[in-house]
file entry.cif (mmCIF, C-alpha atoms)
data_target
#
loop_
_atom_site.label_atom_id
_atom_site.label_comp_id
_atom_site.auth_asym_id
_atom_site.auth_seq_id
_atom_site.Cartn_x
_atom_site.Cartn_y
_atom_site.Cartn_z
CA MET A 764 0.00 0.00 0.00
CA LYS A 765 1.52 3.34 -1.07
CA LYS A 766 0.81 6.03 1.51
CA ILE A 767 0.40 9.53 0.13
CA THR A 768 -0.18 13.09 1.32
CA ILE A 769 -1.63 15.75 -0.97
CA LEU A 770 -0.82 19.38 -0.31
CA GLY A 771 -3.45 21.48 -2.08
CA SER A 772 -6.12 18.79 -2.36
CA THR A 773 -8.95 21.19 -3.28
CA GLY A 774 -7.13 22.82 -6.19
CA SER A 775 -7.13 21.73 -9.82
CA ILE A 776 -4.19 19.30 -9.55
CA GLY A 777 -5.22 18.06 -6.12
CA THR A 778 -8.79 17.21 -7.11
CA GLN A 779 -7.59 15.45 -10.28
CA ALA A 780 -5.02 13.51 -8.26
CA LEU A 781 -7.77 12.23 -5.98
CA GLU A 782 -9.79 11.25 -9.05
CA VAL A 783 -6.79 9.21 -10.22
CA ILE A 784 -6.26 7.61 -6.78
CA GLU A 785 -9.94 6.68 -6.58
CA LYS A 786 -9.51 4.56 -9.72
CA LEU A 787 -6.23 2.95 -8.67
CA GLU A 788 -5.58 0.12 -6.25
CA GLY A 789 -2.84 0.20 -3.65
CA PHE A 790 -3.06 3.82 -2.42
CA GLU A 791 -3.90 5.19 1.01
CA VAL A 792 -4.39 8.93 1.45
CA ILE A 793 -3.06 9.63 4.94
CA ALA A 794 -3.18 13.46 4.87
CA LEU A 795 -4.71 16.34 2.94
CA SER A 796 -4.26 20.09 3.00
CA ALA A 797 -6.53 22.82 1.66
CA GLY A 798 -6.84 26.56 1.55
CA LYS A 799 -10.25 28.17 1.92
CA ASN A 800 -12.48 25.59 0.22
CA ILE A 801 -13.53 23.89 3.45
CA GLU A 802 -16.73 22.36 2.04
CA LEU A 803 -14.82 20.49 -0.66
CA LEU A 804 -12.22 19.41 1.91
CA LYS A 805 -15.04 17.94 4.01
CA GLN A 806 -16.21 15.89 1.04
CA GLN A 807 -12.67 14.63 0.51
CA ILE A 808 -12.30 13.69 4.18
CA LYS A 809 -15.54 11.73 4.02
CA LYS A 810 -14.42 9.81 0.94
CA PHE A 811 -10.71 9.20 1.67
CA MET A 812 -10.63 9.30 5.49
CA PRO A 813 -7.17 10.83 6.04
CA LYS A 814 -5.74 10.69 9.56
CA ILE A 815 -4.84 14.38 9.55
CA VAL A 816 -5.73 17.47 7.50
CA CYS A 817 -4.28 20.95 7.32
CA VAL A 818 -6.29 24.12 6.69
CA GLN A 819 -5.02 27.58 5.86
CA ASN A 820 -6.74 29.45 8.68
CA GLU A 821 -6.98 28.45 12.33
CA GLU A 822 -10.62 29.61 12.53
CA ASP A 823 -11.60 26.85 10.08
CA ILE A 824 -10.49 24.06 12.43
CA PRO A 825 -13.87 23.84 14.29
CA LYS A 826 -15.69 23.55 10.96
CA ILE A 827 -13.83 20.29 10.36
CA LYS A 828 -13.83 18.97 13.93
CA GLN A 829 -17.59 19.29 14.38
CA GLU A 830 -18.13 16.76 11.59
CA PHE A 831 -14.95 14.70 11.86
CA ALA A 832 -14.07 14.47 15.53
CA ASN A 833 -11.49 11.72 15.01
CA THR A 834 -9.58 13.61 12.30
CA GLU A 835 -6.61 15.62 13.52
CA VAL A 836 -6.64 19.18 12.15
CA VAL A 837 -3.66 21.54 11.95
CA PHE A 838 -3.24 24.86 10.15
CA GLY A 839 -0.88 27.14 8.28
CA GLU A 840 2.73 26.58 7.26
CA SER A 841 3.51 24.82 10.55
CA GLY A 842 0.66 22.42 9.82
CA LEU A 843 2.04 21.65 6.36
CA ILE A 844 5.47 21.04 7.88
CA GLU A 845 3.87 18.59 10.34
CA LEU A 846 2.26 16.69 7.45
CA CYS A 847 5.61 16.55 5.65
CA SER A 848 7.42 15.33 8.78
CA ASN A 849 5.47 12.07 8.83
CA LYS A 850 7.83 9.33 7.68
CA GLU A 851 4.89 7.03 7.03
CA ASN A 852 4.55 8.86 3.73
CA ASP A 853 5.84 7.12 0.63
CA LEU A 854 5.07 10.14 -1.53
CA ILE A 855 3.94 13.72 -1.04
CA LEU A 856 2.19 15.52 -3.88
CA THR A 857 2.84 19.26 -3.60
CA ALA A 858 -0.02 20.87 -5.50
CA THR A 859 -0.40 24.07 -3.51
CA SER A 860 -0.20 27.42 -5.25
CA GLY A 861 2.55 29.78 -4.18
CA LYS A 862 5.64 29.75 -2.02
CA ILE A 863 3.99 28.25 1.07
CA ALA A 864 5.00 24.78 -0.15
CA LEU A 865 8.73 25.53 -0.07
CA ARG A 866 9.61 24.87 3.58
CA PRO A 867 7.24 21.86 3.87
CA THR A 868 8.77 20.34 0.72
CA LEU A 869 12.28 20.74 2.14
CA THR A 870 11.03 19.11 5.36
CA ALA A 871 9.75 16.12 3.39
CA ILE A 872 13.06 15.81 1.54
CA GLU A 873 14.96 16.00 4.84
CA ASN A 874 12.83 13.07 5.99
CA GLY A 875 13.65 11.04 2.88
CA ILE A 876 10.16 11.26 1.37
CA ASN A 877 9.80 11.32 -2.42
CA ILE A 878 8.04 14.34 -3.95
CA ALA A 879 5.55 14.52 -6.82
CA LEU A 880 6.05 18.15 -7.72
CA ALA A 881 3.28 20.33 -9.13
CA ASN A 882 4.30 23.57 -7.42
CA LYS A 883 6.37 25.93 -9.58
CA GLU A 884 7.69 28.19 -6.84
CA THR A 885 9.60 25.35 -5.17
CA LEU A 886 12.19 25.12 -7.95
CA VAL A 887 11.88 28.63 -9.39
CA MET A 888 12.66 30.25 -6.03
CA ALA A 889 15.00 27.66 -4.56
CA GLY A 890 15.96 25.13 -7.23
CA ASP A 891 19.63 24.94 -6.23
CA ILE A 892 18.77 24.37 -2.57
CA VAL A 893 15.99 21.85 -3.21
CA MET A 894 17.82 19.72 -5.78
CA LYS A 895 21.04 19.67 -3.73
CA LYS A 896 19.10 18.47 -0.68
CA ALA A 897 17.19 15.87 -2.75
CA LYS A 898 20.47 14.47 -4.08
CA GLU A 899 21.96 14.41 -0.60
CA LYS A 900 18.94 12.51 0.80
CA ASN A 901 18.50 10.27 -2.27
CA VAL A 902 14.97 11.63 -2.75
CA LYS A 903 13.23 11.56 -6.12
CA ILE A 904 11.55 14.73 -7.38
CA LEU A 905 8.90 13.43 -9.80
CA PRO A 906 7.50 16.08 -12.17
CA VAL A 907 3.74 16.50 -12.46
CA ASP A 908 3.58 19.43 -14.90
CA SER A 909 2.63 17.99 -18.29
CA GLU A 910 5.75 19.43 -19.97
CA HIS A 911 8.25 18.14 -17.42
CA SER A 912 6.45 14.83 -17.14
CA ALA A 913 6.70 14.47 -20.91
CA ILE A 914 10.47 15.02 -20.80
CA PHE A 915 10.81 12.61 -17.88
CA GLN A 916 8.77 9.99 -19.74
CA CYS A 917 11.05 10.32 -22.77
CA THR A 918 14.26 9.76 -20.81
CA GLU A 919 15.76 9.72 -17.34
CA ASP A 920 19.35 9.84 -18.65
CA PHE A 921 20.34 13.36 -19.69
CA SER A 922 24.03 12.61 -20.33
CA ASN A 923 23.46 12.17 -24.07
CA ILE A 924 21.04 15.06 -24.62
CA GLU A 925 21.45 17.71 -27.30
CA LYS A 926 18.46 19.73 -26.10
CA ILE A 927 14.99 19.54 -24.66
CA ILE A 928 11.99 21.18 -26.34
CA ILE A 929 9.26 22.57 -24.11
CA THR A 930 5.97 23.20 -25.91
CA ALA A 931 3.48 25.97 -25.17
CA SER A 932 -0.09 26.37 -26.35
CA GLY A 933 0.38 30.12 -26.71
CA GLY A 934 -2.66 30.86 -24.57
CA PRO A 935 -5.63 33.09 -25.45
CA PHE A 936 -3.53 35.86 -27.04
CA LEU A 937 -1.44 33.80 -29.45
CA HIS A 938 -3.11 35.25 -32.54
CA LYS A 939 -3.86 38.67 -31.07
CA THR A 940 -1.67 41.70 -31.75
CA LYS A 941 0.42 43.16 -28.94
CA GLU A 942 -2.03 46.08 -28.77
CA GLU A 943 -5.06 43.76 -28.60
CA MET A 944 -3.42 41.79 -25.82
CA GLU A 945 -2.53 44.89 -23.80
CA SER A 946 -6.12 46.21 -23.99
CA SER A 947 -7.72 42.85 -23.14
CA SER A 948 -10.06 42.27 -20.21
CA LEU A 949 -9.61 39.90 -17.30
CA LYS A 950 -12.36 37.71 -18.76
CA GLU A 951 -10.47 37.39 -22.05
CA ALA A 952 -7.22 36.57 -20.26
CA LEU A 953 -8.92 33.78 -18.31
CA GLU A 954 -10.30 32.08 -21.44
CA HIS A 955 -7.54 29.55 -22.04
CA PRO A 956 -8.16 27.60 -25.27
CA ARG A 957 -6.82 24.23 -24.09
CA TRP A 958 -6.43 23.84 -20.34
CA LYS A 959 -8.77 24.31 -17.38
CA MET A 960 -6.64 25.61 -14.51
CA GLY A 961 -6.71 27.93 -11.52
CA LYS A 962 -6.90 31.68 -12.17
CA LYS A 963 -3.29 32.50 -11.31
CA ILE A 964 -1.71 29.91 -13.58
CA THR A 965 -4.22 30.77 -16.32
CA ILE A 966 -2.99 34.38 -16.30
CA ASP A 967 0.62 33.13 -16.30
CA SER A 968 -0.32 31.09 -19.37
CA ALA A 969 -1.82 34.17 -21.03
CA THR A 970 1.42 36.15 -20.53
CA LEU A 971 3.62 33.07 -21.18
CA MET A 972 5.29 33.67 -17.82
CA ASN A 973 4.39 30.07 -17.01
CA LYS A 974 6.58 28.86 -19.87
CA GLY A 975 9.52 30.88 -18.60
CA LEU A 976 9.00 29.44 -15.12
CA GLU A 977 8.90 25.96 -16.65
CA VAL A 978 12.27 26.56 -18.31
CA ILE A 979 13.76 27.49 -14.92
CA GLU A 980 12.18 24.37 -13.40
CA ALA A 981 13.53 22.16 -16.20
CA HIS A 982 17.03 23.59 -15.71
CA HIS A 983 16.96 22.41 -12.10
CA LEU A 984 14.96 19.19 -12.50
CA PHE A 985 17.12 17.78 -15.26
CA ASN A 986 20.41 19.59 -14.49
CA ILE A 987 20.56 20.98 -18.02
CA ASP A 988 22.01 24.27 -19.30
CA TYR A 989 19.61 27.00 -20.41
CA GLU A 990 21.25 26.99 -23.84
CA LYS A 991 19.94 23.44 -24.30
CA ILE A 992 16.31 24.32 -23.59
CA ASP A 993 14.08 25.46 -26.47
CA ILE A 994 10.49 26.75 -26.40
CA ILE A 995 8.14 26.01 -29.28
CA ILE A 996 4.56 27.26 -29.62
CA HIS A 997 2.28 24.30 -30.35
CA PRO A 998 -1.36 25.49 -30.20
CA GLN A 999 -2.95 22.03 -30.23
CA SER A 1000 -1.20 20.95 -26.97
CA ILE A 1001 -0.80 17.38 -28.24
CA ILE A 1002 3.00 17.14 -28.05
CA HIS A 1003 3.67 17.97 -24.42
CA SER A 1004 7.44 18.24 -24.84
CA ALA A 1005 10.31 16.46 -26.55
CA VAL A 1006 13.94 15.45 -26.10
CA GLU A 1007 16.58 15.59 -28.84
CA PHE A 1008 19.58 13.30 -28.42
CA LYS A 1009 23.10 13.92 -29.70
CA ASP A 1010 22.66 11.34 -32.46
CA GLY A 1011 19.84 13.42 -33.98
CA SER A 1012 16.97 11.28 -32.71
CA THR A 1013 14.05 13.07 -31.07
CA LEU A 1014 11.53 11.50 -28.70
CA ALA A 1015 8.26 13.26 -27.92
CA GLN A 1016 5.40 12.45 -25.57
CA LEU A 1017 1.96 12.92 -27.13
CA GLY A 1018 -1.54 12.79 -25.75
CA ASN A 1019 -4.81 14.63 -25.43
CA PRO A 1020 -4.67 17.72 -23.15
CA THR A 1021 -5.39 16.20 -19.74
CA MET A 1022 -3.52 16.39 -16.45
CA HIS A 1023 -4.72 12.95 -15.35
CA ILE A 1024 -1.94 11.23 -17.33
CA PRO A 1025 1.09 13.07 -15.87
CA ILE A 1026 -0.43 12.95 -12.38
CA GLN A 1027 -1.02 9.22 -12.71
CA TYR A 1028 2.52 8.62 -14.00
CA ALA A 1029 4.07 10.49 -11.05
CA LEU A 1030 1.91 8.67 -8.51
CA THR A 1031 2.54 5.17 -9.87
CA TYR A 1032 6.23 5.63 -10.86
CA PRO A 1033 8.36 3.59 -11.50
CA GLU A 1034 5.51 1.51 -12.89
CA ARG A 1035 3.09 2.74 -15.53
CA LYS A 1036 -0.31 1.81 -14.14
CA TYR A 1037 -3.63 3.15 -15.26
CA GLY A 1038 -6.91 3.47 -13.48
CA ILE A 1039 -8.68 6.54 -14.76
CA GLU A 1040 -9.96 6.29 -18.33
CA SER A 1041 -8.40 8.74 -20.79
CA LYS A 1042 -9.61 9.37 -24.32
CA SER A 1043 -7.49 7.45 -26.81
CA PHE A 1044 -5.31 9.64 -29.02
CA ASN A 1045 -6.17 9.50 -32.73
CA PHE A 1046 -3.50 10.82 -35.13
CA LEU A 1047 -6.08 11.26 -37.89
CA ASN A 1048 -8.03 13.82 -35.86
CA HIS A 1049 -5.19 16.32 -35.46
CA ASN A 1050 -3.21 18.75 -37.58
CA LEU A 1051 -0.14 19.66 -35.56
CA THR A 1052 1.45 23.08 -36.07
CA PHE A 1053 4.44 24.88 -34.56
CA GLU A 1054 5.82 28.42 -34.40
CA LYS A 1055 8.37 30.54 -32.60
CA PRO A 1056 7.35 32.50 -29.48
CA ASP A 1057 7.03 36.27 -29.85
CA PHE A 1058 9.34 37.62 -27.16
CA GLU A 1059 8.29 41.22 -27.75
CA LYS A 1060 4.58 40.54 -27.25
CA PHE A 1061 5.19 38.10 -24.41
CA ARG A 1062 7.70 40.13 -22.41
CA CYS A 1063 7.18 38.01 -19.30
CA LEU A 1064 8.71 35.04 -21.11
CA LYS A 1065 11.77 37.09 -22.01
CA LEU A 1066 12.15 38.32 -18.42
CA ALA A 1067 11.86 34.79 -17.03
CA LEU A 1068 14.64 33.51 -19.28
CA GLU A 1069 16.84 36.45 -18.28
CA ALA A 1070 16.19 35.80 -14.57
CA GLY A 1071 16.97 32.10 -14.93
CA LYS A 1072 20.29 32.76 -16.64
CA ILE A 1073 21.28 35.36 -14.03
CA GLY A 1074 20.45 32.84 -11.31
CA GLY A 1075 20.99 33.37 -7.61
CA SER A 1076 18.13 35.33 -6.07
CA MET A 1077 16.85 36.75 -9.38
CA PRO A 1078 14.35 33.95 -10.20
CA CYS A 1079 12.86 34.51 -6.74
CA VAL A 1080 12.41 38.21 -7.52
CA LEU A 1081 10.81 37.32 -10.85
CA SER A 1082 8.39 34.83 -9.28
CA CYS A 1083 7.41 36.96 -6.28
CA ALA A 1084 6.97 40.16 -8.30
CA ASN A 1085 4.88 38.26 -10.84
CA ASP A 1086 2.69 36.81 -8.06
CA ILE A 1087 2.00 40.31 -6.76
CA ALA A 1088 1.34 41.73 -10.24
CA VAL A 1089 -0.99 38.90 -11.26
CA ASP A 1090 -2.92 39.31 -8.02
CA LYS A 1091 -3.39 42.99 -8.84
CA PHE A 1092 -4.60 42.11 -12.34
CA LEU A 1093 -7.05 39.55 -10.97
CA LYS A 1094 -8.43 42.28 -8.70
CA ASN A 1095 -8.78 44.61 -11.73
CA GLU A 1096 -6.30 47.04 -10.19
CA ILE A 1097 -3.96 47.04 -13.22
CA SER A 1098 -4.08 46.13 -16.91
CA ILE A 1099 -2.29 43.00 -18.15
CA ASN A 1100 0.52 44.99 -19.79
CA LYS A 1101 1.52 46.26 -16.33
CA ILE A 1102 2.52 42.74 -15.22
CA PRO A 1103 5.84 42.64 -17.13
CA GLU A 1104 6.48 46.29 -16.21
CA ILE A 1105 6.20 45.51 -12.50
CA VAL A 1106 8.39 42.42 -12.84
CA GLU A 1107 11.06 44.19 -14.86
CA LYS A 1108 11.22 47.12 -12.43
CA ALA A 1109 11.63 44.72 -9.50
CA MET A 1110 14.45 42.89 -11.27
CA GLU A 1111 16.23 46.13 -12.14
CA LYS A 1112 16.12 47.36 -8.53
CA HIS A 1113 17.25 44.08 -6.98
CA SER A 1114 20.75 43.61 -5.56
CA LEU A 1115 21.65 40.06 -6.55
CA ILE A 1116 22.43 37.44 -3.90
CA LYS A 1117 24.48 34.70 -5.56
CA ASN A 1118 23.77 31.95 -3.01
CA PRO A 1119 20.60 32.93 -1.14
CA SER A 1120 19.33 31.06 1.89
CA ILE A 1121 15.68 30.13 2.35
CA ASP A 1122 15.35 33.04 4.78
CA ASP A 1123 16.83 35.38 2.15
CA LEU A 1124 14.19 34.26 -0.35
CA PHE A 1125 11.29 34.86 1.99
CA GLU A 1126 12.74 38.25 2.96
CA ILE A 1127 12.84 39.20 -0.74
CA ASP A 1128 9.15 38.33 -1.03
CA LYS A 1129 8.35 40.32 2.12
CA GLN A 1130 10.21 43.38 0.83
CA LEU A 1131 8.63 43.22 -2.63
CA LYS A 1132 5.17 43.24 -1.07
CA LYS A 1133 6.11 46.51 0.61
CA ASP A 1134 7.71 48.03 -2.49
CA ILE A 1135 5.08 47.09 -5.10
CA ILE A 1136 2.01 49.18 -4.36
#

call {"tool": "encode", "arguments": {"input": "entry.cif", "output": "structure tokens"}}
result
Amino acid sequence: MKKITILGSTGSIGTQALEVIEKLEGFEVIALSAGKNIELLKQQIKKFMPKIVCVQNEEDIPKIKQEFANTEVVFGESGLIELCSNKENDLILTATSGKIALRPTLTAIENGINIALANKETLVMAGDIVMKKAKEKNVKILPVDSEHSAIFQCTEDFSNIEKIIITASGGPFLHKTKEEMESSSLKEALEHPRWKMGKKITIDSATLMNKGLEVIEAHHLFNIDYEKIDIIIHPQSIIHSAVEFKDGSTLAQLGNPTMHIPIQYALTYPERKYGIESKSFNFLNHNLTFEKPDFEKFRCLKLALEAGKIGGSMPCVLSCANDIAVDKFLKNEISINKIPEIVEKAMEKHSLIKNPSIDDLFEIDKQLKKDII
């Protein structure tokens, strides 16, 4: 029986992961964590009966305890760290949004627990620290993002790699002009043509910031130079990514746009088991096209690549400034074209720390929240 904890069980990845687990044999969900969606968490507790759950706010604890008296309830970052300290875990799926997963993930690694990673901030902010600790503790970091999962499914040996190719759908503004994009509404930005995701990542997909963050993640996950990572726009989202070897051969992972497959692969690794039914892929139903990304229209992508190559504390600045800017856009406080402006200004003002500590990274986030008004 594989024992698993899911951080972020009420989000898009978390709910799909539970759908996968429900169809598989040999899994026991021993802990769940959620943010503010307490009603959905209650439904999950009733179905999967975890021993302990973590909520975001302490005031939500009684809402759980009054219905599930035998379920232990903790809260906040300290609660997540408690979940990740339990060595009963065989695997922890980190599917929370934001930087709150960073310290709990490091705690899990310290305890020798393998990670199924669906949280971008973990590697974008602290990739050097996390991967060094994972290597030291012989912990596997299994990618859940469809792009990184595709690369991982193509090969686990990167010693003979010429390059990796990360694909991007292009989002809702792919065929819009720069001016049309900059004058777009929040509603338009949230209308992703291929994927159903949370609001924050949907906006990152609209600006292509998400693809830049994925490049930074891939650099750390696969220990590969930025010069060997390419980005290709592929609107149909059928090829999820590819690997080119030094002999000229290229392997690609294809499939219909669904997160169930990469989630399932990470959860059942090293085996390839299936439980949830996925629509069979039919080559005759698809016309696959490809194009170069427009770095002038999608300035966030350009900034992300610059931050990754600079390294040190700069990716943290990029990620934290983008979080703040996207939040402002979601609240209709700024237009979408202000997002790259805010990020670029934050990067320009930052004094680089070459080897930041975890405390340094959280202090950067704290300071940016004060500076970006």

call {"tool": "atom_distance", "arguments": {"input": "entry.cif", "atom1": "atom CA of A:Ile996", "atom2": "atom CA of A:Ser946"}}
result
22.5 Å

call {"tool": "atom_distance", "arguments": {"input": "entry.cif", "atom1": "atom CA of A:Glu945", "atom2": "atom CA of A:Phe1053"}}
result
23.8 Å

call {"tool": "residues_around", "arguments": {"input": "entry.cif", "residues": "A:Glu951", "least_positions_apart": "4", "cutoff": "9 Å", "atoms": "all atoms listed in the file", "output": "PyMOL selection string"}}
result
chain A and resi 935-936+947+955

call {"tool": "atom_distance", "arguments": {"input": "entry.cif", "atom1": "atom CA of A:Leu1093", "atom2": "atom CA of A:Gly1074"}}
result
28.3 Å

call {"tool": "residues_around", "arguments": {"input": "entry.cif", "residues": "A:Leu1064", "least_positions_apart": "6", "cutoff": "12 Å", "atoms": "all atoms listed in the file", "output": "number ranges by chain"}}
result
A: 931, 933, 967-979, 994, 1056-1058, 1070-1071, 1081-1082, 1085, 1102-1103, 1106-1107

call {"tool": "write_last_selection", "arguments": {"input": "entry.cif", "atoms": "C-alpha atoms", "output": "short mmCIF file (atom, residue, chain, number, x, y, z; two decimals), in the coordinates of the input"}}
result
data_model
loop_
_atom_site.label_atom_id
_atom_site.label_comp_id
_atom_site.auth_asym_id
_atom_site.auth_seq_id
_atom_site.Cartn_x
_atom_site.Cartn_y
_atom_site.Cartn_z
CA ALA A 931 3.48 25.97 -25.17
CA GLY A 933 0.38 30.12 -26.71
CA ASP A 967 0.62 33.13 -16.30
CA SER A 968 -0.32 31.09 -19.37
CA ALA A 969 -1.82 34.17 -21.03
CA THR A 970 1.42 36.15 -20.53
CA LEU A 971 3.62 33.07 -21.18
CA MET A 972 5.29 33.67 -17.82
CA ASN A 973 4.39 30.07 -17.01
CA LYS A 974 6.58 28.86 -19.87
CA GLY A 975 9.52 30.88 -18.60
CA LEU A 976 9.00 29.44 -15.12
CA GLU A 977 8.90 25.96 -16.65
CA VAL A 978 12.27 26.56 -18.31
CA ILE A 979 13.76 27.49 -14.92
CA ILE A 994 10.49 26.75 -26.40
CA PRO A 1056 7.35 32.50 -29.48
CA ASP A 1057 7.03 36.27 -29.85
CA PHE A 1058 9.34 37.62 -27.16
CA ALA A 1070 16.19 35.80 -14.57
CA GLY A 1071 16.97 32.10 -14.93
CA LEU A 1081 10.81 37.32 -10.85
CA SER A 1082 8.39 34.83 -9.28
CA ASN A 1085 4.88 38.26 -10.84
CA ILE A 1102 2.52 42.74 -15.22
CA PRO A 1103 5.84 42.64 -17.13
CA VAL A 1106 8.39 42.42 -12.84
CA GLU A 1107 11.06 44.19 -14.86
#

call {"tool": "residues_near_point", "arguments": {"input": "entry.cif", "point": "(10.3, 16.7, -19.5)", "cutoff": "10 Å", "atoms": "only C-alpha atoms", "output": "list in words"}}
result
Pro906, Val907, Asp908, Ser909, Glu910, His911, Ser912, Ala913, Ile914, Phe915, Gln916, Cys917, Thr918, Glu919, Ile927, Ile928, Ile929, Glu977, Glu980, Ala981, Leu984, Phe985, His1003, Ser1004, Ala1005, Val1006, Ala1015 and Gln1016 of chain A

call {"tool": "write_last_selection", "arguments": {"input": "entry.cif", "atoms": "C-alpha atoms", "output": "compact mmCIF listing (two decimals), keeping the file's coordinate frame"}}
result
# COMPACT_ATOMS: atom_id res chain seq x y z
CA PRO A 906 7.50 16.08 -12.17
CA VAL A 907 3.74 16.50 -12.46
CA ASP A 908 3.58 19.43 -14.90
CA SER A 909 2.63 17.99 -18.29
CA GLU A 910 5.75 19.43 -19.97
CA HIS A 911 8.25 18.14 -17.42
CA SER A 912 6.45 14.83 -17.14
CA ALA A 913 6.70 14.47 -20.91
CA ILE A 914 10.47 15.02 -20.80
CA PHE A 915 10.81 12.61 -17.88
CA GLN A 916 8.77 9.99 -19.74
CA CYS A 917 11.05 10.32 -22.77
CA THR A 918 14.26 9.76 -20.81
CA GLU A 919 15.76 9.72 -17.34
CA ILE A 927 14.99 19.54 -24.66
CA ILE A 928 11.99 21.18 -26.34
CA ILE A 929 9.26 22.57 -24.11
CA GLU A 977 8.90 25.96 -16.65
CA GLU A 980 12.18 24.37 -13.40
CA ALA A 981 13.53 22.16 -16.20
CA LEU A 984 14.96 19.19 -12.50
CA PHE A 985 17.12 17.78 -15.26
CA HIS A 1003 3.67 17.97 -24.42
CA SER A 1004 7.44 18.24 -24.84
CA ALA A 1005 10.31 16.46 -26.55
CA VAL A 1006 13.94 15.45 -26.10
CA ALA A 1015 8.26 13.26 -27.92
CA GLN A 1016 5.40 12.45 -25.57

call {"tool": "residues_around", "arguments": {"input": "entry.cif", "residues": "A:Asn882", "least_positions_apart": "5", "cutoff": "10 Å", "atoms": "all atoms listed in the file", "output": "MDAnalysis selection string"}}
result
chainID A and resid 770:771 776 856:865 868 887 906:908 980

call {"tool": "resolve_selection", "arguments": {"input": "entry.cif", "expression": "the PyMOL selection byres ((chain A and resi 834) around 10)", "output": "ChimeraX atom specification"}}
result
/A:794,808,812-816,827-828,830-833,835-837

call {"tool": "closest_residue", "arguments": {"input": "entry.cif", "among": "A:Leu1068, A:Lys1036, A:Arg1062, A:Ala952", "to": "A:Tyr989", "atoms": "only C-alpha atoms"}}
result
A:Leu1068

call {"tool": "closest_residue", "arguments": {"input": "entry.cif", "among": "A:Leu803, A:Ile1099, A:Val792, A:Ala797", "to": "A:Ser948", "atoms": "all atoms listed in the file"}}
result
A:Ile1099

call {"tool": "residues_around", "arguments": {"input": "entry.cif", "residues": "A:Pro1119", "least_positions_apart": "5", "cutoff": "7 Å", "atoms": "all atoms listed in the file", "output": "VMD selection string"}}
result
chain A and resid 1075 to 1076 1124

call {"tool": "closest_residue", "arguments": {"input": "entry.cif", "among": "A:Lys1055, A:Met1110, A:Ile1105, A:Ser841", "to": "A:Leu937", "atoms": "only C-alpha atoms"}}
result
A:Lys1055

call {"tool": "residues_around", "arguments": {"input": "entry.cif", "residues": "A:Glu851", "least_positions_apart": "2", "cutoff": "7 Å", "atoms": "only C-alpha atoms", "output": "list in words"}}
result
Lys766, Asn849 and Asp853 of chain A

call {"tool": "resolve_selection", "arguments": {"input": "entry.cif", "expression": "the PyMOL selection byres ((chain A and resi 767) around 7)", "output": "ChimeraX atom specification"}}
result
/A:765-766,768-769,791-793,852-855

call {"tool": "axis_aligned_box", "arguments": {"input": "entry.cif", "around": "stretch 923-937 of chain A", "padding_each_side": "6 Å", "output": "JSON"}}
result
{"center_x": 8.9, "center_y": 24.0, "center_z": -26.8, "size_x": 41.1, "size_y": 35.7, "size_z": 17.4}

call {"tool": "closest_residue", "arguments": {"input": "entry.cif", "among": "A:Cys1063, A:Leu953, A:Leu1030, A:Ile1073", "to": "A:Ile784", "atoms": "all atoms listed in the file"}}
result
A:Leu1030

call {"tool": "resolve_selection", "arguments": {"input": "entry.cif", "expression": "the PyMOL selection byres ((chain A and resi 1132) around 12)", "output": "short mmCIF file (atom, residue, chain, number, x, y, z; two decimals) with C-alpha atoms, in the frame of the given file"}}
result
data_model
loop_
_atom_site.label_atom_id
_atom_site.label_comp_id
_atom_site.auth_asym_id
_atom_site.auth_seq_id
_atom_site.Cartn_x
_atom_site.Cartn_y
_atom_site.Cartn_z
CA VAL A 1080 12.41 38.21 -7.52
CA CYS A 1083 7.41 36.96 -6.28
CA ALA A 1084 6.97 40.16 -8.30
CA ASN A 1085 4.88 38.26 -10.84
CA ASP A 1086 2.69 36.81 -8.06
CA ILE A 1087 2.00 40.31 -6.76
CA ALA A 1088 1.34 41.73 -10.24
CA ASP A 1090 -2.92 39.31 -8.02
CA LYS A 1091 -3.39 42.99 -8.84
CA ILE A 1105 6.20 45.51 -12.50
CA ALA A 1109 11.63 44.72 -9.50
CA PHE A 1125 11.29 34.86 1.99
CA GLU A 1126 12.74 38.25 2.96
CA ILE A 1127 12.84 39.20 -0.74
CA ASP A 1128 9.15 38.33 -1.03
CA LYS A 1129 8.35 40.32 2.12
CA GLN A 1130 10.21 43.38 0.83
CA LEU A 1131 8.63 43.22 -2.63
CA LYS A 1133 6.11 46.51 0.61
CA ASP A 1134 7.71 48.03 -2.49
CA ILE A 1135 5.08 47.09 -5.10
CA ILE A 1136 2.01 49.18 -4.36
#

call {"tool": "closest_residue", "arguments": {"input": "entry.cif", "among": "A:Leu949, A:Trp958, A:Lys903, A:Glu1059", "to": "A:Ile1097", "atoms": "all atoms listed in the file"}}
result
A:Leu949

call {"tool": "closest_residue", "arguments": {"input": "entry.cif", "among": "A:Leu1066, A:Cys1079, A:Leu1017, A:Ala871", "to": "A:Asp1122", "atoms": "all atoms listed in the file"}}
result
A:Cys1079
